[in-house]
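Trainee: Have a look at this one before I ask anything.
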Amino acid sequence: MTFTNGQQVRNARLAACDVPNLLEGTHVSYKAEYIWIDGTEPTARLRSKTRILADGADLPDWGFDGSSTNQAPGDNSDCVLKPVFSCPDPIRGGENKLVLCEVFLVDGTPHETNTRAKLRPIAEQYAAQDSWYGIEQEYTFFKDGRPLGFPERGYPAPQGFYYCGVGADEVFGRDIVEAHMDACLAAGLKLSGINAEVMPGQWEFQIGPAGTLEVGDHMWVARWLLYRIAEDHDVSATLDPKPVEGDWNGAGAHTNFSTKAMREGYDAIITACEALAEKAQEHVAGYGADIERRLTGMHETAPWSEFSYGVSDRGASVRIPWQVEVDKQGYIEDRRPNANVDPYVVARLITGTCCAALEKAGQV
Ligand code: ADP
Ligand code: MN
Ligand code: MN
Ligand code: MN
């Protein structure tokens, strides 16, 4: 690569001044990457920007131009960012931080798109039931407009060997996955594992067990880290629930759930399943855009329009793991949420439905 004349002049000027001396003393500040969820419809996206803060300074509220994120009109564009969760920034390292925020209006009320604010009162109401969540986030890497591992024309060999595979003919993007896993752990997120999925270029990571708000906080930051790290590899990661039409698995976000009573007895497990049956359509409506494209009844899914639950049944809407039936205690797996679901919405629906039913049944 050749430099333009202008750049050469600038470089020469830089070399002439005392750069090392200028850099000395920069430890008086750190970088805080403020992350928030925007107003894109039907599926919100992540946004972030950097603020330089004095060493040791608390994380202040901040603002952004809501007219560029589908969160405000141009003539009244200011939205407010309030930090709600922060962790070490594993990309920049040092004292730098990632800062997840809720979005507010300037009058101090939560923005309409702020789904975390809508979860807060429900989480508080049922806090005594001690809900745990484990969410399995499936996603697909894309490069040059097709999933990683797909040939330029046509299709790769049919599904069968990719899930938990090993070897260059079966696995695509492992270097990114490993870097993402290390980053999540360095950030202190409750990542509990990763695996290659059924379609080439498709992967999963799990967050949990974690609390009702915590699972969403950690999930959104883990998603941001995934996009950010894949960016360095010139690859994009998508949560599209059905990235390739036809005989290829979609991408979900199976949500594992338990309360203290469910971890101690089987009656509570059944109560939770029956409660989900009664509110089935309300839940499906909040489980991510385009859910009917994925929950077809094929590819390890139950049809979106029919609710079912069963032991060990990966073709049911809700699965009671085999070991849970043996132990007569544990958790349930709601297999319906799409990969593109908002974890704060899933937690609001499941806690609202199951904890209310458990309370009514006296199983708390
Ligand atoms: P699968 O067998 O469906 O692929 P995974 O191992 O991918 O399941 O994910 C299971 C998730 O459930 C993990 O995130 C795990 O931490 C979580 N989990 C385990 N026990 C509980 C529990 N009692 N309550 C809620 N979540 C749990
Ligand atoms: Mn899994
Ligand atoms: Mn999976
Ligand atoms: Mn699962």
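Following the order of the structure tokens, chains are lettered A, B, ..., residues in each are numbered from 1, and ligands are numbered from 1.
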Among range 179-265 of chain A, which residues does DSSP mark as strand (DSSP E) when it is run on the backbone? Keep the chain and numbering as in the structure and answer as a list in words.

Mentor: Leu191, Ser192, Gly193, Ile194, Asn195, Ala196, Gln202, Trp203, Glu204, Phe205, Gln206, Ile207, Gly208, Pro209, Ala210, Ser236, Ala237, Thr238, Thr255, Asn256, Phe257 and Ser258 of chain A

Trainee: Which residues sit within 12 Å of ligand 3, counting only C-alpha atoms and all ligand atoms, listed as JSON, numbers by chain?

Mentor: {"A": [135, 136, 137, 138, 139, 140, 163, 164, 193, 194, 195, 196, 197, 198, 199, 202, 203, 204, 205, 206, 249, 250, 251, 252, 253, 254, 255, 299, 300, 301, 314, 333, 335, 336, 337, 338, 339]}

Trainee: Collect all residues with atoms no farther than 7 Å from ligand 1, counting only C-alpha atoms and all ligand atoms, and output them as a list of chain:residue names.

Mentor: A:Trp132, A:Tyr133, A:Gly134, A:Ile135, A:Glu136, A:Ser192, A:Gln206, A:Ile207, A:Gly208, A:Pro209, A:His254, A:Asn256, A:Phe257, A:Ser258, A:Arg263, A:Gly330, A:Tyr331

Trainee: Could you state the separation of CA of Gly297 in chain A and CA of Thr353 in chain A in Å, given to one decimal place?

Mentor: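 One can read the CA of Gly297 in chain A to CA of Thr353 in chain A distance as 24.0 Å.
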
Trainee: Calculate how many Å separate CA of Arg47 in chain A from CA of Pro73 in chain A, rounding to one decimal.

Mentor: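 Separation between CA of Arg47 in chain A and CA of Pro73 in chain A: 17.8 Å.
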
Trainee: I want to know what sits within 8 Å of Lys118 in chain A, based on only C-alpha atoms, with residues of the same chain fewer than 4 positions away left out; could you give that as a list in words?

Mentor: Asn114, Ile122 and Arg348 of chain A

Trainee: Would you export the selected residues with N, CA and C atoms as a PDB file, in the first residue's frame, please?

Mentor:
```pdb
ATOM      1  N   ASN A 114     -38.032   0.601  26.082  1.00  0.00           N
ATOM      2  CA  ASN A 114     -37.235   0.133  27.223  1.00  0.00           C
ATOM      3  C   ASN A 114     -37.926  -1.068  27.878  1.00  0.00           C
ATOM      4  N   ILE A 122     -42.070  -6.712  37.612  1.00  0.00           N
ATOM      5  CA  ILE A 122     -42.454  -8.136  37.659  1.00  0.00           C
ATOM      6  C   ILE A 122     -41.373  -8.923  38.406  1.00  0.00           C
ATOM      7  N   ARG A 348     -40.092 -11.485  31.247  1.00  0.00           N
ATOM      8  CA  ARG A 348     -41.327 -10.869  31.764  1.00  0.00           C
ATOM      9  C   ARG A 348     -42.499 -11.824  31.575  1.00  0.00           C
TER      10      ARG A 348
END
```

Trainee: Just to confirm, what's the straight-line distance from CA of Ala32 in chain A to CA of Leu185 in chain A in Å (one decimal)?

Mentor: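 One can read the CA of Ala32 in chain A to CA of Leu185 in chain A distance as 18.5 Å.
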